[in-house]
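Heads up, the thing below is written out as structure tokens.
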Amino acid sequence: MAVKVARAHEATSEPTTPRAPKRARRGTGLRGWYRGGGLSTLLLALPVILVFGLFSWWPIIASIPMSIQKNDLVQPASYVGWANFRAVLSDPLLPTAIQNTVWFTLLAVVIGFPVPILLATYAAELRRGRGLVSALAYLPGVIPPVVSVLLWKQFYDPDGSGLFNTVLGWFSIPPQPFLQNAISAMPSIVVQATWAGFGSTTIIYLAALMSIRSDLYDAAELDGGGIVQRAWHVTLPQIRHIILLMLLLQIIGTLQVFTEPYLMTGGGPANATVTVLMLVYDYAFVYGNYGQATALSLLLAIALGVVSIVYYRVTRRWSSS
Amino acid sequence: MSKVAETEERTNLSQLERRRPAVRIGFAVLTTVVVAFLVLACAGPLIVLAKWATSSSQDIISDPFGWWPSGVVWSNLNTALFQIGIGQNFLNTLWVVLGSWIIGLSVAVTGGYVIAILRPWYARFLNAAILATLFIPGIISLVPLYLTILHVPVLGVNLLNSFWAVWLPAGAHAFNVLLVTRFFRSLPSEVFEAAKVDGAGPFRVLFSLVLPMSRPILGVASLLMIVASWKDFLWPLLVLPSTSVQPLAVALPQLETTTTMGVLMASLFIATIVPVLLFLVFQRQFLRNAGQAGALKA
Amino acid sequence: MIRSRSRTALFGTATVLAAVNLLAACSSSGGGAAASATYDPKAPVTITVGDEPPTSEAPQRAAFLANVKQFETLNPNITVNATETQWSPQTYQAMLAGGTMPTTLIVPLTEIQSLAERGQVLDLAAYTKNDKVVSAINPTLTKQTTHNGDLYGVPVGAFTMALIYDRALYTAAGLDPDKPPTTWAQVEQNAVTIHQKTGKAGFLIPTVNNFGGFVLTAMSYGNGGALEKTSGSTVTSTIDSAPVQAALQFLHDVRWKDGAFGSNYLLDPDSALKEVVTGSAGQAILAGDRYGEAVFNDQANPDDVGIAPLPQSADGIGTLAGGNISVVSPKASAAQAAAALKWIDFEYLTMYTDKDAAVAAAKASKASGQPVGAPTVPLFDAKTQAQYLEYIKDYIDVPRDHFTAYLNSVDTLPMVLEPTVAAQQIYAMLDSTVQAVLTNQGTDISALLQQNQSQATSLINAAG
């Protein structure tokens, strides 16, 4: 085999070879298909077709009829028209959940978005410590989320002897309620989520930054730009594409947040941290109302689609300016 | 500009600037602050966890920074591992991750191979169908997927409490398939054409040619799959309700109310030590792959 | 609603009034309401039973399995497969749908009505019609497991909400541990004293996982009113009423005026119990049957655990009762259902009615370190209870004289059952009400209750 490969390498000079009309050569019909490797190809395609078919395409398609059914898994499912959607939209918790979810996303963007960019911009300038900085930043992301949530929950102990409150005490700041107060609960959760996630984002930005062409910086310097001006006019625009992409991914991701509020506060205090996905979970797995849960998921998915489209349009305008 | 351009690689700060004392001192100060902060913020919690894992519950609650006022409690770790079954949960996690990785990789490699290299007539539809799922938020299929697990169409089995309930859906991640597909597309197709002319079947080409050439992308994809599988919480919570098959992520929150604080911290520590050690040993690979994954996302 | 720590409660704190005439073989009826076919009582049948203690509870597990063997010996045609499966809201439906539900399982009292409504448990009327043991169970309890006139579950354990307090803290604060408070004003006073003298929290309640609402319901009963009113077939919400208001005001005062409430307002019931029995807090409103859990799981000092009847205001209507109900899978065949009921009788009921079974259970509890003779609500009548205590009197190691008030109240204090419609959702809603009152000093309780009442009304209408 090795010799034949070498021959192929020698022969080639054009970039891409157009596909040879191999099928015509092998003959048509079932025989031809088989001899052309069709069966093997099908066998190779089987894993992806089966797995996606059963566990990806089928559930997505099935969600539509499910959202208009009443289904509790024991009795046969019955069609109820728009009842599920009406129930979902009239649930008094829904506006609260939407508000909380949007608030979480907003906080996550404000608190969590600039940190990786700034850190990466700084780290790109490091000659020697870049590995250390990268490793440290990435470390919180390696810890399983459940562990980090439960650990931070203990850090947030509202007693004066809780870890964070002890630290605050060193600066003569009174103990804070953190998770025990409706106003401070959500920001507390966001801080923990940011801590866990900023590392991987930083690495991604760092990789992008390292690939910025040097002559751009040279040109900017020659044009009289100082360090900060160069950062603003060269660095940021060069990674704008990836920044916008990461921002969209973060927004879409945080709008579906579940694990952190579920484990930290269970939605409290007084529903201050209930998110939309937690509502879906409650409908399905606490109240056994699978049809309603699917209806809400559909609505959320549509909302996310709208967000993506609007985002795309808006950033298109920025990119072209 | 003349052809004599500087070929020196640089980022924002130029060589010259670095020599200026103002820049040098400023940068040094910034570095000290940043590194100190990172050590405190990122490594600090882990060190605290290690300390708490061997502290008595009273100490954790009333004197979190204290130097083991009540003495070191090694029994926390023992209790966690053997008496309350964290050891079993750990094994379950390993199983779940291993299976998800194998299934995920198999699906991505075979799928990418078919779409990018073999390219039968249905390849285009396959690709589009997989791409489409990327744009559909996962939330939409949570409940229907759960019902599918309870009663798999065609096969009619109930996968609840079986690791297959986690492994199989792990293979249905479009991003991994597309990642591999994109990479395969970039491979020189003449090599495969030539092999085909020489009579090699699709399987032969896959195993003897494609896979050896794909080491980098397999590394990236594997890393993504393993990390995602280790962290997974909601899905295993739903489909692995029996405590004997639960991975760590699902079992740990239940310990909060049923064990003492010291044993809980010991359990958390046990759950963390493996990924952290792996990371410290394979840092470079981790970071390189993480950076690449991001670049490919764009 | 509270499902006591399953086997711990049943095995360890199994001091229940009992003993009625025990029939060795119970159900004998043929084709019943739900089961269409008659069955042959002698034909071989296999049943799966849930709630087997896990390996981490070795002595209980051994006792359970020994009982299984004995049952099979007494009933040679019945084969019993034991599983560790327990009821949980997330998995029950899935188990049923997937066909993995055991023939019989224990569910909390709260759930039985909605389960019966959804057809997720078997109608037992036909099988228990002639069962003397089941018929002798306290009618207040069986009433709750009856839906549309038919019995859907067999009560195998019951509890009432009580005031749990730490006797050691009481002594340290200069209070008499043998004189627990009987009114809410006294509770508040004691809470203040404990907090001032010992620095520990004087009072707390759980506030998450629907327990906030559950405890609030109990406190409302203690203040003179229920959450729902039933007249004929109409159910109306009475959340916006003086008793509920009084209960919330009590929480507000202890928290903000006295500063004597604990510091965790997202507290689950297990942690709440732990705090009280280990001396971090003085008093709490919790289920009264958790003595065994306190001593065994939380390692509390047996002498320090105090259980008192739910405090009552002048208009108090009683206390909230809950329990464990044994149900049968709706997919069980007639023969299986009959066999399951025999098992239920044997495993959970004979220990109160039959001397040998009682002694054996007491011995097993002792061997596993579980207390014998802890206070609970009797399943059967007073005579049976007295007889049962007589059977096991050599094994009792619980200082029952610490609980005289509670034990007496079991007969005198009315046991009020949970709201009949949409209880779980109402509890969930009230969870956040309780949390709001405890975390926000400026909460307008009246406005909040008005809101809650209208929400509850829609929940009730939706469920109807």
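Each chain in the structure tokens gets a letter, A, B and so on, in the order shown; residues start at 1 in every chain, and ligands are counted from 1 in the order they appear.
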Practice problem: Select from stretch 55-168 of chain C everything DSSP, run on the backbone, classes as strand (DSSP E), then give the selection as JSON, numbers by chain. | Solution: {"C": [78, 79, 80, 81, 82, 104, 105, 106, 107, 108, 146, 147, 150, 151, 154, 155, 156, 157, 158, 159, 160, 161, 162, 163, 164, 165, 166]}
Just N, CA and C atoms for this one: save the residues we selected as a short mmCIF file (atom, residue, chain, number, x, y, z; two decimals), in the first residue's frame.
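Writing done, so here's out19.cif:
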data_model
loop_
_atom_site.label_atom_id
_atom_site.label_comp_id
_atom_site.auth_asym_id
_atom_site.auth_seq_id
_atom_site.Cartn_x
_atom_site.Cartn_y
_atom_site.Cartn_z
N ILE C 78 -46.12 -18.71 46.37
CA ILE C 78 -45.76 -17.33 46.00
C ILE C 78 -44.24 -17.21 46.00
N THR C 79 -43.71 -16.69 44.90
CA THR C 79 -42.28 -16.37 44.82
C THR C 79 -42.13 -14.87 44.90
N VAL C 80 -41.23 -14.42 45.76
CA VAL C 80 -41.06 -12.99 45.98
C VAL C 80 -39.68 -12.56 45.50
N ASN C 81 -39.65 -11.58 44.58
CA ASN C 81 -38.38 -10.97 44.18
C ASN C 81 -38.29 -9.60 44.85
N ALA C 82 -37.23 -9.40 45.60
CA ALA C 82 -37.09 -8.12 46.28
C ALA C 82 -36.24 -7.17 45.45
N THR C 104 -45.60 -4.28 44.20
CA THR C 104 -46.05 -3.41 45.27
C THR C 104 -44.92 -2.49 45.71
N LEU C 105 -45.30 -1.28 46.07
CA LEU C 105 -44.33 -0.24 46.38
C LEU C 105 -44.94 0.68 47.43
N ILE C 106 -44.08 1.39 48.16
CA ILE C 106 -44.60 2.32 49.15
C ILE C 106 -44.54 3.74 48.61
N VAL C 107 -45.64 4.44 48.70
CA VAL C 107 -45.68 5.83 48.25
C VAL C 107 -46.14 6.69 49.41
N PRO C 108 -45.79 7.98 49.38
CA PRO C 108 -46.23 8.84 50.47
C PRO C 108 -47.74 9.07 50.41
N THR C 146 -58.69 6.34 50.00
CA THR C 146 -59.89 5.94 49.28
C THR C 146 -60.22 6.99 48.24
N HIS C 147 -60.47 6.55 47.03
CA HIS C 147 -60.79 7.47 45.94
C HIS C 147 -62.06 6.99 45.28
N ASP C 150 -63.40 3.64 46.55
CA ASP C 150 -62.62 2.41 46.56
C ASP C 150 -61.26 2.64 47.20
N LEU C 151 -60.76 1.59 47.82
CA LEU C 151 -59.46 1.67 48.48
C LEU C 151 -58.35 1.49 47.45
N VAL C 154 -52.86 0.68 51.02
CA VAL C 154 -52.94 0.23 52.41
C VAL C 154 -51.97 1.06 53.25
N PRO C 155 -52.47 1.80 54.23
CA PRO C 155 -51.54 2.56 55.08
C PRO C 155 -50.67 1.60 55.88
N VAL C 156 -49.37 1.82 55.84
CA VAL C 156 -48.47 0.97 56.62
C VAL C 156 -47.64 1.77 57.60
N GLY C 157 -47.87 3.04 57.65
CA GLY C 157 -47.14 3.86 58.62
C GLY C 157 -47.77 5.24 58.59
N ALA C 158 -47.82 5.89 59.71
CA ALA C 158 -48.43 7.21 59.73
C ALA C 158 -47.66 8.11 60.68
N PHE C 159 -47.73 9.40 60.43
CA PHE C 159 -47.08 10.34 61.34
C PHE C 159 -47.91 11.61 61.39
N THR C 160 -47.63 12.42 62.36
CA THR C 160 -48.24 13.75 62.40
C THR C 160 -47.13 14.77 62.55
N MET C 161 -47.43 15.98 62.13
CA MET C 161 -46.46 17.05 62.28
C MET C 161 -46.37 17.43 63.75
N ALA C 162 -45.16 17.69 64.18
CA ALA C 162 -44.93 17.94 65.61
C ALA C 162 -43.89 19.02 65.78
N LEU C 163 -43.68 19.38 67.03
CA LEU C 163 -42.60 20.30 67.35
C LEU C 163 -41.42 19.47 67.82
N ILE C 164 -40.34 19.49 67.04
CA ILE C 164 -39.13 18.79 67.46
C ILE C 164 -38.24 19.81 68.14
N TYR C 165 -37.72 19.45 69.29
CA TYR C 165 -36.86 20.42 69.98
C TYR C 165 -35.67 19.72 70.62
N ASP C 166 -34.67 20.49 70.90
CA ASP C 166 -33.45 19.94 71.46
C ASP C 166 -33.47 20.14 72.98
#
Exercise. Pull out every residue of chain A that has at least one atom within 12 Å of chain C, counting only C-alpha atoms, and report them as a VMD selection string.
Key: chain A and resid 71 to 77 83 to 84 86 to 87 90 to 93 153 to 154 156 to 162 175 to 185 262 to 274 281 to 290
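Distances here use only C-alpha atoms; by that measure, the residue among C:Leu122, C:Leu389, C:Ala62, C:Val49 closest to C:Pro102 is C:Val49.
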Quiz item: Which neighbours of A:Ala62 fall inside 10 Å, counting only C-alpha atoms, when residues of the same chain fewer than 4 positions from it are skipped, and could you give them as an NGL selection string?
Solution: (:A and (57-58 or 66-67 or 294)) or (:B and (140-141 or 143-145 or 147-148))
Restricting it to N, CA and C atoms, dump the selection as a short mmCIF file (atom, residue, chain, number, x, y, z; two decimals), in the first residue's frame.
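Result written to out.cif:
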data_model
loop_
_atom_site.label_atom_id
_atom_site.label_comp_id
_atom_site.auth_asym_id
_atom_site.auth_seq_id
_atom_site.Cartn_x
_atom_site.Cartn_y
_atom_site.Cartn_z
N TRP A 57 -33.04 12.94 15.14
CA TRP A 57 -34.09 13.40 14.25
C TRP A 57 -35.47 13.03 14.76
N TRP A 58 -35.61 11.78 15.17
CA TRP A 58 -36.92 11.33 15.63
C TRP A 58 -37.46 12.15 16.81
N MET A 66 -46.11 15.82 20.11
CA MET A 66 -46.15 15.69 21.57
C MET A 66 -46.62 16.96 22.24
N SER A 67 -46.34 18.08 21.62
CA SER A 67 -46.69 19.33 22.29
C SER A 67 -48.19 19.57 22.28
N THR A 294 -43.15 19.59 26.67
CA THR A 294 -42.70 19.71 25.29
C THR A 294 -43.18 21.01 24.66
N ILE B 140 -35.39 21.19 22.95
CA ILE B 140 -36.61 20.78 22.27
C ILE B 140 -36.76 19.27 22.31
N SER B 141 -35.66 18.56 22.34
CA SER B 141 -35.78 17.11 22.27
C SER B 141 -35.61 16.44 23.62
N VAL B 143 -37.63 16.05 26.34
CA VAL B 143 -38.72 15.15 26.71
C VAL B 143 -38.95 14.06 25.68
N PRO B 144 -39.03 14.39 24.36
CA PRO B 144 -39.22 13.30 23.39
C PRO B 144 -38.08 12.28 23.45
N LEU B 145 -36.86 12.73 23.66
CA LEU B 145 -35.75 11.79 23.74
C LEU B 145 -35.92 10.87 24.93
N LEU B 147 -38.74 9.93 26.22
CA LEU B 147 -39.74 8.94 25.88
C LEU B 147 -39.19 7.91 24.91
N THR B 148 -38.30 8.34 24.02
CA THR B 148 -37.67 7.40 23.09
C THR B 148 -36.86 6.38 23.86
#
Exercise. Write out as a ChimeraX atom specification which residues come within 8 Å of stretch 217-230 of chain A when counting only C-alpha atoms, dropping same-chain ones fewer than 3 positions away.
Key: /A:213-214,233-235 /B:10-13
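Put simply, atom CA of C:Ala116 is 12.3 Å away from atom CA of C:Thr420.
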Practice problem: Could you please select, counting only C-alpha atoms, the residues of chain B within 12 Å of chain C and state them as number ranges by chain? | Solution: B: 58, 61-62, 79-80, 82-86, 143, 146-152, 156-161, 237-244, 254-261
Practice problem: Check the smallest atom-to-atom distance from each of B:Asn76, B:Pro64, B:Phe175, B:Lys196 to chain A using only C-alpha atoms, then report the winner. | Solution: B:Pro64
So that each row is one residue of stretch 265-347 of chain C with an atom at most 10 Å from stretch 243-260 of chain C, can you give its shortest atom pair and the distance in Å to one decimal, using only C-alpha atoms, rows by chain and rising number, as a Markdown table?
| residue | atom | partner | partner_atom | distance |
| --- | --- | --- | --- | --- |
| C:Ala281 | CA | C:Ala260 | CA | 9.4 |
| C:Gly282 | CA | C:Ala260 | CA | 9.6 |
| C:Ser313 | CA | C:Pro243 | CA | 9.3 |
| C:Asp315 | CA | C:Pro243 | CA | 8.8 |
| C:Gly316 | CA | C:Pro243 | CA | 8.7 |
Quiz item: Just asking: which residues within stretch 13-171 of chain A are alpha helix (DSSP H) according to DSSP, as a ChimeraX atom specification?
Solution: /A:22-26,29-35,38-52,58-67,83-89,93-112,114-124,130-142,145-155,163-170
Quiz item: Which of these, B:Val23, B:Leu223, B:Val274, B:Cys42, has the shortest distance to chain A once you count only C-alpha atoms?
Solution: B:Cys42
